[in-house]
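File shown: run00.cif (mmCIF, C-alpha atoms).
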data_final
#
loop_
_atom_site.label_atom_id
_atom_site.label_comp_id
_atom_site.auth_asym_id
_atom_site.auth_seq_id
_atom_site.Cartn_x
_atom_site.Cartn_y
_atom_site.Cartn_z
CA MET A 1 96.99 129.76 98.08
CA ALA A 2 94.78 126.70 98.39
CA ASP A 3 95.85 125.60 94.93
CA GLU A 4 99.30 124.81 96.19
CA THR A 5 98.22 123.40 99.49
CA LEU A 6 95.71 121.21 97.70
CA PHE A 7 98.57 119.37 96.01
CA GLU A 8 100.54 119.19 99.23
CA PHE A 9 97.65 117.89 101.31
CA LEU A 10 96.81 115.34 98.67
CA HIS A 11 100.44 114.25 98.48
CA MET A 12 100.54 113.77 102.25
CA GLU A 13 97.40 111.64 102.10
CA ILE A 14 98.83 109.43 99.40
CA VAL A 15 102.07 108.89 101.23
CA SER A 16 100.26 107.98 104.40
CA HIS A 17 97.81 105.73 102.55
CA VAL A 18 100.51 103.80 100.70
CA TYR A 19 102.50 103.22 103.89
CA LYS A 20 99.43 102.25 105.89
CA GLU A 21 98.21 99.71 103.38
CA GLN A 22 101.64 98.08 103.19
CA GLN A 23 101.89 97.96 106.95
CA SER A 24 98.42 96.58 107.47
CA SER A 25 98.91 93.82 104.95
CA ARG A 26 102.16 92.69 106.59
CA GLY A 27 101.86 93.66 110.23
CA THR A 28 105.22 95.37 110.44
CA MET A 29 107.46 97.20 108.02
CA ASP A 30 110.91 96.02 107.10
CA ASN A 31 113.25 97.54 104.55
CA LYS A 32 111.70 95.52 101.76
CA ASP A 33 108.23 96.87 102.62
CA ARG A 34 109.57 100.38 102.62
CA ALA A 35 111.12 99.75 99.23
CA VAL A 36 107.70 98.65 97.93
CA CYS A 37 106.11 101.88 99.19
CA VAL A 38 108.83 104.02 97.66
CA SER A 39 108.39 102.19 94.39
CA VAL A 40 104.60 102.67 94.37
CA LEU A 41 104.95 106.39 95.05
CA GLU A 42 107.73 106.73 92.51
CA GLY A 43 105.53 105.06 89.90
CA MET A 44 102.67 107.45 90.55
CA GLY A 45 105.07 110.37 90.27
CA PHE A 46 106.43 109.01 87.02
CA ARG A 47 103.02 109.03 85.35
CA VAL A 48 102.16 112.46 86.76
CA GLY A 49 105.49 113.82 85.51
CA GLN A 50 104.86 112.44 82.06
CA GLY A 51 101.43 114.03 81.91
CA LEU A 52 102.62 117.39 83.17
CA ILE A 53 105.59 117.75 80.85
CA GLU A 54 103.41 116.87 77.90
CA ARG A 55 101.15 119.81 78.69
CA LEU A 56 104.01 122.12 79.54
CA THR A 57 106.04 121.56 76.40
CA ARG A 58 103.15 121.51 73.96
CA ASP A 59 103.94 125.01 72.75
CA SER A 60 107.64 125.05 73.55
CA PRO A 61 110.33 125.02 70.91
CA SER A 62 112.38 121.84 70.91
CA PHE A 63 115.45 121.63 73.09
CA LYS A 64 118.92 121.84 71.69
CA ASP A 65 120.66 119.42 74.04
CA GLU A 66 120.53 117.58 77.34
CA LEU A 67 121.69 120.58 79.35
CA ASP A 68 118.97 122.67 77.73
CA ILE A 69 116.39 120.15 78.88
CA MET A 70 117.80 120.12 82.41
CA LYS A 71 117.61 123.90 82.57
CA PHE A 72 113.97 123.76 81.52
CA ILE A 73 113.29 121.22 84.28
CA CYS A 74 115.01 123.42 86.85
CA LYS A 75 113.17 126.58 85.86
CA ASP A 76 109.80 126.21 84.14
CA PHE A 77 108.96 122.71 85.24
CA TRP A 78 110.09 123.12 88.84
CA THR A 79 108.16 126.38 89.17
CA LYS A 80 104.97 124.78 87.94
CA VAL A 81 105.23 121.73 90.16
CA PHE A 82 107.11 122.88 93.23
CA ARG A 83 106.44 126.63 93.04
CA ARG A 84 110.02 127.85 92.92
CA GLN A 85 113.07 127.42 90.74
CA VAL A 86 115.86 125.06 91.65
CA ASP A 87 118.45 127.08 93.57
CA ASN A 88 121.47 125.39 92.14
CA LEU A 89 122.20 123.09 89.23
CA ARG A 90 125.52 121.33 88.94
CA THR A 91 126.73 118.81 86.39
CA ASN A 92 129.87 116.82 85.66
CA HIS A 93 129.06 117.20 81.94
CA GLN A 94 128.91 113.42 81.71
CA GLY A 95 125.24 112.94 82.33
CA THR A 96 125.08 113.48 86.09
CA TYR A 97 123.17 116.47 87.44
CA VAL A 98 122.59 117.66 90.98
CA LEU A 99 119.56 119.89 91.52
CA GLN A 100 119.45 121.64 94.84
CA ASP A 101 116.24 123.15 96.18
CA ASN A 102 116.81 124.96 99.47
CA LYS A 103 113.16 125.08 100.40
CA PHE A 104 111.54 122.08 98.87
CA ALA A 105 107.75 122.44 98.73
CA LEU A 106 106.89 118.93 99.91
CA LEU A 107 109.16 119.15 102.93
CA THR A 108 108.11 122.55 104.26
CA GLN A 109 105.16 121.05 106.11
CA LEU A 110 107.48 118.84 108.14
CA SER A 111 109.23 120.25 111.15
CA SER A 112 112.73 121.32 110.26
CA GLY A 113 114.32 119.61 113.24
CA LYS A 114 116.46 116.53 112.90
CA GLN A 115 113.81 114.18 114.27
CA TYR A 116 112.11 113.75 110.90
CA LEU A 117 115.22 113.37 108.80
CA ASP A 118 114.76 109.61 108.55
CA GLN A 119 111.18 110.17 107.37
CA ALA A 120 112.27 112.36 104.47
CA PRO A 121 112.69 109.58 101.85
CA LYS A 122 109.01 108.76 101.93
CA TYR A 123 108.15 112.34 101.06
CA LEU A 124 110.63 112.44 98.18
CA ALA A 125 109.81 109.26 96.28
CA PHE A 126 106.86 110.76 94.43
CA SER A 127 108.92 113.78 93.37
CA CYS A 128 111.80 111.64 92.13
CA GLY A 129 109.24 109.88 89.96
CA VAL A 130 107.87 113.18 88.69
CA VAL A 131 111.32 114.26 87.52
CA ARG A 132 112.08 110.88 85.97
CA GLY A 133 108.71 110.85 84.17
CA ALA A 134 109.22 114.33 82.78
CA LEU A 135 112.71 113.51 81.50
CA SER A 136 111.51 110.24 80.05
CA ASN A 137 108.90 112.03 77.97
CA LEU A 138 111.61 114.32 76.68
CA GLY A 139 113.63 111.32 75.53
CA LEU A 140 116.01 111.01 78.47
CA GLU A 141 115.95 107.83 80.53
CA SER A 142 117.38 108.49 83.97
CA VAL A 143 117.79 107.36 87.54
CA VAL A 144 116.64 109.99 90.03
CA THR A 145 117.40 109.90 93.74
CA ALA A 146 117.05 112.50 96.46
CA GLU A 147 118.65 113.23 99.77
CA VAL A 148 118.10 115.66 102.60
CA SER A 149 120.78 116.74 105.00
CA VAL A 150 119.09 119.79 106.49
CA MET A 151 115.30 120.28 106.23
CA PRO A 152 113.66 121.62 104.13
CA SER A 153 116.59 121.66 101.74
CA CYS A 154 116.86 118.82 99.27
CA LYS A 155 119.26 117.56 96.63
CA PHE A 156 118.07 115.56 93.64
CA GLN A 157 120.62 113.58 91.72
CA VAL A 158 119.79 112.76 88.13
CA VAL A 159 121.92 110.26 86.27
CA ILE A 160 121.10 110.06 82.59
CA GLN A 161 121.22 106.52 81.23
CA LYS A 162 123.13 106.42 77.99
CA LEU A 163 122.02 103.81 75.52
CA MET B 164 98.18 125.69 83.99
CA ALA B 165 100.24 122.80 85.36
CA ASP B 166 99.15 123.71 88.87
CA GLU B 167 95.64 122.61 88.14
CA THR B 168 96.56 119.63 86.05
CA LEU B 169 98.98 118.57 88.78
CA PHE B 170 96.04 118.06 91.13
CA GLU B 171 94.00 116.34 88.45
CA PHE B 172 96.77 113.98 87.40
CA LEU B 173 97.50 113.14 91.00
CA HIS B 174 93.82 112.52 91.68
CA MET B 175 93.64 110.15 88.71
CA GLU B 176 96.65 108.24 90.02
CA ILE B 177 95.14 107.86 93.45
CA VAL B 178 91.82 106.61 92.12
CA SER B 179 93.54 104.09 89.92
CA HIS B 180 95.89 103.01 92.73
CA VAL B 181 93.11 102.50 95.27
CA TYR B 182 91.04 100.43 92.83
CA LYS B 183 94.01 98.40 91.69
CA GLU B 184 95.13 97.48 95.17
CA GLN B 185 91.62 96.38 96.11
CA GLN B 186 91.32 94.33 92.98
CA SER B 187 94.71 92.68 93.31
CA SER B 188 94.11 91.70 96.91
CA ARG B 189 90.79 90.06 96.05
CA GLY B 190 91.08 88.93 92.45
CA THR B 191 87.81 90.47 91.31
CA MET B 192 85.71 93.42 92.38
CA ASP B 193 82.20 93.12 93.72
CA ASN B 194 79.98 95.87 95.07
CA LYS B 195 81.48 95.54 98.53
CA ASP B 196 84.98 96.04 97.15
CA ARG B 197 83.83 99.08 95.27
CA ALA B 198 82.33 100.44 98.46
CA VAL B 199 85.69 99.99 100.21
CA CYS B 200 87.44 101.97 97.46
CA VAL B 201 84.87 104.75 97.61
CA SER B 202 85.27 104.90 101.35
CA VAL B 203 89.07 105.08 101.19
CA LEU B 204 88.91 107.92 98.65
CA GLU B 205 86.20 109.70 100.59
CA GLY B 206 88.34 109.53 103.73
CA MET B 207 91.33 111.05 101.95
CA GLY B 208 89.11 113.81 100.63
CA PHE B 209 87.72 114.45 104.08
CA ARG B 210 91.16 115.15 105.55
CA VAL B 211 92.20 117.26 102.56
CA GLY B 212 88.97 119.27 102.85
CA GLN B 213 89.60 119.87 106.54
CA GLY B 214 93.11 121.10 105.88
CA LEU B 215 92.09 123.36 103.03
CA ILE B 216 89.19 125.06 104.76
CA GLU B 217 91.37 125.74 107.76
CA ARG B 218 93.79 127.68 105.59
CA LEU B 219 91.05 129.36 103.61
CA THR B 220 89.05 130.66 106.54
CA ARG B 221 91.98 131.71 108.68
CA ASP B 222 91.40 135.36 107.88
CA SER B 223 87.70 135.19 107.11
CA PRO B 224 85.06 136.71 109.33
CA SER B 225 82.83 134.15 110.98
CA PHE B 226 79.71 133.01 109.18
CA LYS B 227 76.29 134.13 110.21
CA ASP B 228 74.37 130.93 109.43
CA GLU B 229 74.31 127.64 107.59
CA LEU B 230 73.30 129.22 104.27
CA ASP B 231 76.18 131.67 104.61
CA ILE B 232 78.59 128.76 105.00
CA MET B 233 77.11 126.98 101.99
CA LYS B 234 77.52 130.10 99.86
CA PHE B 235 81.17 130.30 100.91
CA ILE B 236 81.64 126.65 99.90
CA CYS B 237 80.00 127.30 96.52
CA LYS B 238 82.05 130.37 95.74
CA ASP B 239 85.42 130.76 97.45
CA PHE B 240 86.05 127.16 98.37
CA TRP B 241 84.88 125.69 95.07
CA THR B 242 86.98 128.16 93.11
CA LYS B 243 90.10 127.27 95.05
CA VAL B 244 89.63 123.53 94.77
CA PHE B 245 87.75 123.00 91.53
CA ARG B 246 88.66 126.25 89.73
CA ARG B 247 85.16 127.55 89.12
CA GLN B 248 82.12 128.50 91.14
CA VAL B 249 79.18 126.19 91.56
CA ASP B 250 76.68 127.05 88.82
CA ASN B 251 73.59 126.56 90.88
CA LEU B 252 72.78 126.16 94.56
CA ARG B 253 69.36 125.02 95.67
CA THR B 254 68.04 124.29 99.13
CA ASN B 255 64.82 123.16 100.75
CA HIS B 256 65.70 125.38 103.72
CA GLN B 257 65.64 122.29 105.90
CA GLY B 258 69.26 121.32 105.69
CA THR B 259 69.38 119.82 102.22
CA TYR B 260 71.45 121.53 99.53
CA VAL B 261 72.03 120.66 95.91
CA LEU B 262 75.18 122.09 94.33
CA GLN B 263 75.34 121.82 90.58
CA ASP B 264 78.60 122.21 88.71
CA ASN B 265 78.08 122.06 84.94
CA LYS B 266 81.73 121.47 84.16
CA PHE B 267 83.21 119.62 87.05
CA ALA B 268 87.02 119.78 87.05
CA LEU B 269 87.65 116.14 87.91
CA LEU B 270 85.36 114.88 85.18
CA THR B 271 86.59 117.00 82.30
CA GLN B 272 89.42 114.57 81.57
CA LEU B 273 86.94 111.78 80.96
CA SER B 274 85.23 111.47 77.63
CA SER B 275 81.80 113.04 77.77
CA GLY B 276 80.07 110.13 76.08
CA LYS B 277 77.78 107.81 77.94
CA GLN B 278 80.27 104.94 78.07
CA TYR B 279 81.98 106.26 81.19
CA LEU B 280 78.88 107.23 83.12
CA ASP B 281 79.12 104.12 85.30
CA GLN B 282 82.74 105.03 86.08
CA ALA B 283 81.81 108.47 87.39
CA PRO B 284 81.26 107.50 91.06
CA LYS B 285 84.89 106.55 91.49
CA TYR B 286 85.96 110.00 90.36
CA LEU B 287 83.55 111.75 92.71
CA ALA B 288 84.21 109.99 96.02
CA PHE B 289 87.28 112.05 96.84
CA SER B 290 85.41 115.30 96.13
CA CYS B 291 82.44 114.31 98.26
CA GLY B 292 84.92 113.81 101.08
CA VAL B 293 86.51 117.19 100.45
CA VAL B 294 83.14 118.92 100.82
CA ARG B 295 82.22 116.91 103.91
CA GLY B 296 85.61 117.63 105.51
CA ALA B 297 85.33 121.35 104.85
CA LEU B 298 81.81 121.53 106.31
CA SER B 299 82.85 119.44 109.29
CA ASN B 300 85.59 121.88 110.16
CA LEU B 301 83.04 124.68 110.01
CA GLY B 302 80.87 122.84 112.52
CA LEU B 303 78.42 121.18 110.14
CA GLU B 304 78.27 117.40 110.06
CA SER B 305 76.82 116.23 106.77
CA VAL B 306 76.28 113.42 104.31
CA VAL B 307 77.54 114.28 100.84
CA THR B 308 76.73 112.30 97.71
CA ALA B 309 77.19 113.08 94.04
CA GLU B 310 75.57 112.06 90.81
CA VAL B 311 76.22 112.59 87.14
CA SER B 312 73.59 112.40 84.47
CA VAL B 313 75.45 114.11 81.65
CA MET B 314 79.25 114.43 81.68
CA PRO B 315 81.00 116.59 82.80
CA SER B 316 78.10 118.06 84.75
CA CYS B 317 77.71 116.95 88.33
CA LYS B 318 75.27 117.42 91.20
CA PHE B 319 76.38 117.21 94.81
CA GLN B 320 73.75 116.69 97.43
CA VAL B 321 74.60 117.83 100.94
CA VAL B 322 72.35 116.79 103.81
CA ILE B 323 73.23 118.51 107.06
CA GLN B 324 72.93 116.23 110.06
CA LYS B 325 71.08 117.96 112.85
CA LEU B 326 72.11 116.98 116.34
#

Structure translated into structure tokens:
Amino acid sequence: MADETLFEFLHMEIVSHVYKEQQSSRGTMDNKDRAVCVSVLEGMGFRVGQGLIERLTRDSPSFKDELDIMKFICKDFWTKVFRRQVDNLRTNHQGTYVLQDNKFALLTQLSSGKQYLDQAPKYLAFSCGVVRGALSNLGLESVVTAEVSVMPSCKFQVVIQKL
Amino acid sequence: MADETLFEFLHMEIVSHVYKEQQSSRGTMDNKDRAVCVSVLEGMGFRVGQGLIERLTRDSPSFKDELDIMKFICKDFWTKVFRRQVDNLRTNHQGTYVLQDNKFALLTQLSSGKQYLDQAPKYLAFSCGVVRGALSNLGLESVVTAEVSVMPSCKFQVVIQKL
């Protein structure tokens, strides 16, 4: 059990550290400051995602197409990082994917009431980076965003950037 | 496998982030700056250690004495956090304990040559905090330090603070 909670506790500490340092250097937080925090966390996630996928795919056969990669992310990768599979994967078959996780690991420690809904983005930035980093290492550049409408359920939108 | 590496990758990111932010805000790093970084990482570890031990001991019987607590830290706690047991525990029976881990999880990603020996402290601060946080939650205030003489082997010294 502690293995999982170790990651979650550490993640919480990082989020709170990054926000605190930004706040203390500027006094208050405006939208631009928040954007800086999100970007710092996203960057950390990106590098972690790259590292993880490298390990995970070392012995995997290569993927046949983009959808095949997305399925791997939703099953194997998600299970390793967030301890469950994505509940639902949808795509418009034009490079946009929506991954829905109904019980997202990094949100389960927050109360599921509405009062924390506006706090959710800060707990999702790192994970968006993780997904983007993993895809990047598999040759897919993407933009990854996340939104929460009811805690602890979360939707990640992945838009693949065509060259 | 990724579960473990997830923690290790994330730990690496945090260390590098904390050092980078200190450096960028001051231009260069002197010993005082390094002490600030160590203290930030130690503080994060402390809170993570507190959280983890709370989960881990929820269903455990209470401990009969200090040595009993230290044995729990060396076996169950160490295994959960650092994936192996401590190799050797020594004590002077006066509140000082030396925990030796011959293959410390957070050092195995560094090259085992001598060139990184002076970098080791930055990768140990978080872990010292974890141990201190865990002990604190079990009612033992302590000072925890760590030293490396040959990578990736590491000695943690715990000095219990008597009231």

### Task
Please write as a PyMOL selection string the full residue list that the PyMOL selection byres ((chain A) within 9 of (chain B)) yields on this file.
chain A and resi 1-7+9-11+13-14+17+40+44-45+47-49+51-53+55-56+77+80-81+83

Evaluate the PyMOL selection byres ((chain A and resi 85) around 6) and report residues as an mmCIF file with C-alpha atoms, keeping the file's coordinate frame:
data_model
loop_
_atom_site.group_PDB
_atom_site.id
_atom_site.type_symbol
_atom_site.label_atom_id
_atom_site.label_comp_id
_atom_site.auth_asym_id
_atom_site.auth_seq_id
_atom_site.Cartn_x
_atom_site.Cartn_y
_atom_site.Cartn_z
ATOM 1 C CA CYS A 74 115.010 123.420 86.850
ATOM 2 C CA LYS A 75 113.170 126.580 85.860
ATOM 3 C CA TRP A 78 110.090 123.120 88.840
ATOM 4 C CA THR A 79 108.160 126.380 89.170
ATOM 5 C CA ARG A 84 110.020 127.850 92.920
ATOM 6 C CA VAL A 86 115.860 125.060 91.650
#

Padding 5 Å on every side, please: axis-aligned box over the listed atoms of stretch 24-42 of chain A, centre and edge lengths to one decimal in Å, as lines of an AutoDock Vina configuration file.
center_x = 105.8
center_y = 99.7
center_z = 101.5
size_x = 24.8
size_y = 24.0
size_z = 27.9

### Task
State, in Å with one decimal place, the distance from atom CA of B:Gln185 to atom CA of B:Val201.
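We find that atom CA of B:Gln185 and atom CA of B:Val201 lie 10.9 Å from each other.
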
Write out the coordinates of chain B as an mmCIF file with C-alpha atoms, in the coordinates of the input after a least-squares overlay onto chain A built on all ordered Cα pairs.
data_model
loop_
_atom_site.group_PDB
_atom_site.id
_atom_site.type_symbol
_atom_site.label_atom_id
_atom_site.label_comp_id
_atom_site.auth_asym_id
_atom_site.auth_seq_id
_atom_site.Cartn_x
_atom_site.Cartn_y
_atom_site.Cartn_z
ATOM 1 C CA MET B 164 97.003 129.718 98.052
ATOM 2 C CA ALA B 165 94.755 126.666 98.369
ATOM 3 C CA ASP B 166 95.836 125.533 94.922
ATOM 4 C CA GLU B 167 99.288 124.777 96.177
ATOM 5 C CA THR B 168 98.232 123.396 99.505
ATOM 6 C CA LEU B 169 95.708 121.205 97.698
ATOM 7 C CA PHE B 170 98.573 119.367 96.013
ATOM 8 C CA GLU B 171 100.555 119.193 99.230
ATOM 9 C CA PHE B 172 97.671 117.902 101.317
ATOM 10 C CA LEU B 173 96.832 115.342 98.682
ATOM 11 C CA HIS B 174 100.458 114.244 98.488
ATOM 12 C CA MET B 175 100.550 113.779 102.262
ATOM 13 C CA GLU B 176 97.412 111.645 102.101
ATOM 14 C CA ILE B 177 98.839 109.434 99.405
ATOM 15 C CA VAL B 178 102.102 108.877 101.247
ATOM 16 C CA SER B 179 100.276 107.991 104.414
ATOM 17 C CA HIS B 180 97.820 105.737 102.551
ATOM 18 C CA VAL B 181 100.522 103.809 100.702
ATOM 19 C CA TYR B 182 102.509 103.210 103.898
ATOM 20 C CA LYS B 183 99.446 102.258 105.886
ATOM 21 C CA GLU B 184 98.215 99.716 103.388
ATOM 22 C CA GLN B 185 101.639 98.083 103.222
ATOM 23 C CA GLN B 186 101.872 97.967 106.967
ATOM 24 C CA SER B 187 98.387 96.591 107.497
ATOM 25 C CA SER B 188 98.867 93.834 104.957
ATOM 26 C CA ARG B 189 102.100 92.699 106.603
ATOM 27 C CA GLY B 190 101.806 93.645 110.255
ATOM 28 C CA THR B 191 105.179 95.360 110.470
ATOM 29 C CA MET B 192 107.429 97.181 108.045
ATOM 30 C CA ASP B 193 110.892 96.018 107.119
ATOM 31 C CA ASN B 194 113.245 97.516 104.563
ATOM 32 C CA LYS B 195 111.670 95.507 101.767
ATOM 33 C CA ASP B 196 108.229 96.861 102.622
ATOM 34 C CA ARG B 197 109.586 100.362 102.646
ATOM 35 C CA ALA B 198 111.108 99.755 99.241
ATOM 36 C CA VAL B 199 107.698 98.651 97.934
ATOM 37 C CA CYS B 200 106.114 101.878 99.207
ATOM 38 C CA VAL B 201 108.838 104.010 97.662
ATOM 39 C CA SER B 202 108.384 102.199 94.394
ATOM 40 C CA VAL B 203 104.604 102.657 94.374
ATOM 41 C CA LEU B 204 104.972 106.393 95.049
ATOM 42 C CA GLU B 205 107.748 106.728 92.507
ATOM 43 C CA GLY B 206 105.549 105.061 89.889
ATOM 44 C CA MET B 207 102.683 107.461 90.559
ATOM 45 C CA GLY B 208 105.082 110.368 90.270
ATOM 46 C CA PHE B 209 106.448 109.020 87.020
ATOM 47 C CA ARG B 210 103.030 109.044 85.346
ATOM 48 C CA VAL B 211 102.166 112.466 86.767
ATOM 49 C CA GLY B 212 105.502 113.832 85.517
ATOM 50 C CA GLN B 213 104.845 112.442 82.052
ATOM 51 C CA GLY B 214 101.425 114.038 81.911
ATOM 52 C CA LEU B 215 102.623 117.393 83.168
ATOM 53 C CA ILE B 216 105.587 117.760 80.850
ATOM 54 C CA GLU B 217 103.399 116.891 77.905
ATOM 55 C CA ARG B 218 101.134 119.818 78.695
ATOM 56 C CA LEU B 219 104.000 122.124 79.542
ATOM 57 C CA THR B 220 106.022 121.574 76.399
ATOM 58 C CA ARG B 221 103.122 121.514 73.979
ATOM 59 C CA ASP B 222 103.927 125.000 72.754
ATOM 60 C CA SER B 223 107.624 125.043 73.558
ATOM 61 C CA PRO B 224 110.310 125.015 70.914
ATOM 62 C CA SER B 225 112.359 121.844 70.889
ATOM 63 C CA PHE B 226 115.437 121.638 73.069
ATOM 64 C CA LYS B 227 118.898 121.849 71.660
ATOM 65 C CA ASP B 228 120.642 119.429 74.034
ATOM 66 C CA GLU B 229 120.542 117.596 77.327
ATOM 67 C CA LEU B 230 121.698 120.621 79.340
ATOM 68 C CA ASP B 231 118.960 122.692 77.719
ATOM 69 C CA ILE B 232 116.379 120.157 78.875
ATOM 70 C CA MET B 233 117.803 120.138 82.395
ATOM 71 C CA LYS B 234 117.612 123.929 82.564
ATOM 72 C CA PHE B 235 113.962 123.761 81.506
ATOM 73 C CA ILE B 236 113.298 121.219 84.274
ATOM 74 C CA CYS B 237 115.030 123.449 86.836
ATOM 75 C CA LYS B 238 113.176 126.585 85.856
ATOM 76 C CA ASP B 239 109.806 126.216 84.141
ATOM 77 C CA PHE B 240 108.952 122.713 85.237
ATOM 78 C CA TRP B 241 110.090 123.127 88.836
ATOM 79 C CA THR B 242 108.171 126.376 89.174
ATOM 80 C CA LYS B 243 104.972 124.785 87.940
ATOM 81 C CA VAL B 244 105.228 121.728 90.148
ATOM 82 C CA PHE B 245 107.129 122.868 93.214
ATOM 83 C CA ARG B 246 106.440 126.626 93.026
ATOM 84 C CA ARG B 247 110.020 127.845 92.920
ATOM 85 C CA GLN B 248 113.075 127.415 90.751
ATOM 86 C CA VAL B 249 115.868 125.061 91.653
ATOM 87 C CA ASP B 250 118.460 127.082 93.574
ATOM 88 C CA ASN B 251 121.481 125.405 92.128
ATOM 89 C CA LEU B 252 122.204 123.087 89.219
ATOM 90 C CA ARG B 253 125.532 121.336 88.927
ATOM 91 C CA THR B 254 126.749 118.824 86.387
ATOM 92 C CA ASN B 255 129.869 116.826 85.653
ATOM 93 C CA HIS B 256 129.070 117.204 81.946
ATOM 94 C CA GLN B 257 128.913 113.433 81.713
ATOM 95 C CA GLY B 258 125.247 112.931 82.342
ATOM 96 C CA THR B 259 125.098 113.485 86.081
ATOM 97 C CA TYR B 260 123.178 116.469 87.440
ATOM 98 C CA VAL B 261 122.609 117.664 90.968
ATOM 99 C CA LEU B 262 119.575 119.891 91.511
ATOM 100 C CA GLN B 263 119.464 121.639 94.842
ATOM 101 C CA ASP B 264 116.264 123.142 96.177
ATOM 102 C CA ASN B 265 116.838 124.962 99.472
ATOM 103 C CA LYS B 266 113.174 125.084 100.387
ATOM 104 C CA PHE B 267 111.540 122.083 98.874
ATOM 105 C CA ALA B 268 107.746 122.441 98.729
ATOM 106 C CA LEU B 269 106.891 118.936 99.897
ATOM 107 C CA LEU B 270 109.150 119.164 102.918
ATOM 108 C CA THR B 271 108.094 122.548 104.237
ATOM 109 C CA GLN B 272 105.140 121.032 106.088
ATOM 110 C CA LEU B 273 107.464 118.838 108.111
ATOM 111 C CA SER B 274 109.209 120.222 111.136
ATOM 112 C CA SER B 275 112.722 121.281 110.248
ATOM 113 C CA GLY B 276 114.308 119.596 113.241
ATOM 114 C CA LYS B 277 116.427 116.515 112.912
ATOM 115 C CA GLN B 278 113.773 114.155 114.268
ATOM 116 C CA TYR B 279 112.090 113.739 110.892
ATOM 117 C CA LEU B 280 115.207 113.369 108.790
ATOM 118 C CA ASP B 281 114.750 109.598 108.563
ATOM 119 C CA GLN B 282 111.176 110.173 107.363
ATOM 120 C CA ALA B 283 112.283 112.353 104.458
ATOM 121 C CA PRO B 284 112.713 109.571 101.852
ATOM 122 C CA LYS B 285 109.027 108.751 101.926
ATOM 123 C CA TYR B 286 108.179 112.337 101.060
ATOM 124 C CA LEU B 287 110.646 112.449 98.181
ATOM 125 C CA ALA B 288 109.829 109.256 96.277
ATOM 126 C CA PHE B 289 106.871 110.755 94.448
ATOM 127 C CA SER B 290 108.938 113.778 93.377
ATOM 128 C CA CYS B 291 111.809 111.646 92.132
ATOM 129 C CA GLY B 292 109.257 109.887 89.954
ATOM 130 C CA VAL B 293 107.877 113.181 88.691
ATOM 131 C CA VAL B 294 111.335 114.259 87.523
ATOM 132 C CA ARG B 295 112.084 110.877 85.962
ATOM 133 C CA GLY B 296 108.715 110.847 84.168
ATOM 134 C CA ALA B 297 109.222 114.336 82.782
ATOM 135 C CA LEU B 298 112.721 113.517 81.502
ATOM 136 C CA SER B 299 111.511 110.239 80.046
ATOM 137 C CA ASN B 300 108.903 112.015 77.981
ATOM 138 C CA LEU B 301 111.614 114.323 76.680
ATOM 139 C CA GLY B 302 113.631 111.317 75.544
ATOM 140 C CA LEU B 303 116.020 111.012 78.480
ATOM 141 C CA GLU B 304 115.951 107.835 80.534
ATOM 142 C CA SER B 305 117.386 108.483 83.972
ATOM 143 C CA VAL B 306 117.803 107.356 87.549
ATOM 144 C CA VAL B 307 116.654 109.981 90.031
ATOM 145 C CA THR B 308 117.401 109.894 93.747
ATOM 146 C CA ALA B 309 117.049 112.509 96.454
ATOM 147 C CA GLU B 310 118.662 113.243 99.764
ATOM 148 C CA VAL B 311 118.106 115.657 102.599
ATOM 149 C CA SER B 312 120.766 116.742 105.014
ATOM 150 C CA VAL B 313 119.057 119.783 106.486
ATOM 151 C CA MET B 314 115.282 120.261 106.232
ATOM 152 C CA PRO B 315 113.642 121.610 104.117
ATOM 153 C CA SER B 316 116.589 121.666 101.733
ATOM 154 C CA CYS B 317 116.853 118.822 99.274
ATOM 155 C CA LYS B 318 119.267 117.573 96.624
ATOM 156 C CA PHE B 319 118.085 115.565 93.644
ATOM 157 C CA GLN B 320 120.636 113.595 91.729
ATOM 158 C CA VAL B 321 119.794 112.771 88.130
ATOM 159 C CA VAL B 322 121.931 110.251 86.269
ATOM 160 C CA ILE B 323 121.097 110.057 82.587
ATOM 161 C CA GLN B 324 121.213 106.529 81.234
ATOM 162 C CA LYS B 325 123.113 106.427 77.982
ATOM 163 C CA LEU B 326 121.968 103.823 75.509
#

#### Entry: Residue nearest B:Asn300 - candidates B:Asn255, B:Thr220, B:Gln186, B:Ser312, atoms counted: only C-alpha atoms
B:Thr220

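Put simply, atom CA of B:Phe235 is 14.2 Å away from atom CA of B:Gly296.
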
### Task
Step by step, work through what the PyMOL selection byres ((chain B and resi 267) around 10) selects in the shown file, and finish by giving those residues as a PyMOL selection string.
chain B and resi 245-249+263-266+268-272+287+311+314-318

### Task
Could you please determine the separation between atom CA of B:Ser290 and atom CA of B:Phe209 in Å, to one decimal place?
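Here the two named atoms are 8.3 Å from each other.
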
### Near-stretch 61-66 of chain A list (10 Å; only C-alpha atoms; drop same-chain fewer than 2 positions) as a count of residues only
15

### Task
Choose the residue, out of B:Gly292, B:Cys200, B:Ser187, B:Ser305, that has the smallest atom-to-atom separation from B:Leu326; count all atoms listed in the file.
B:Ser305
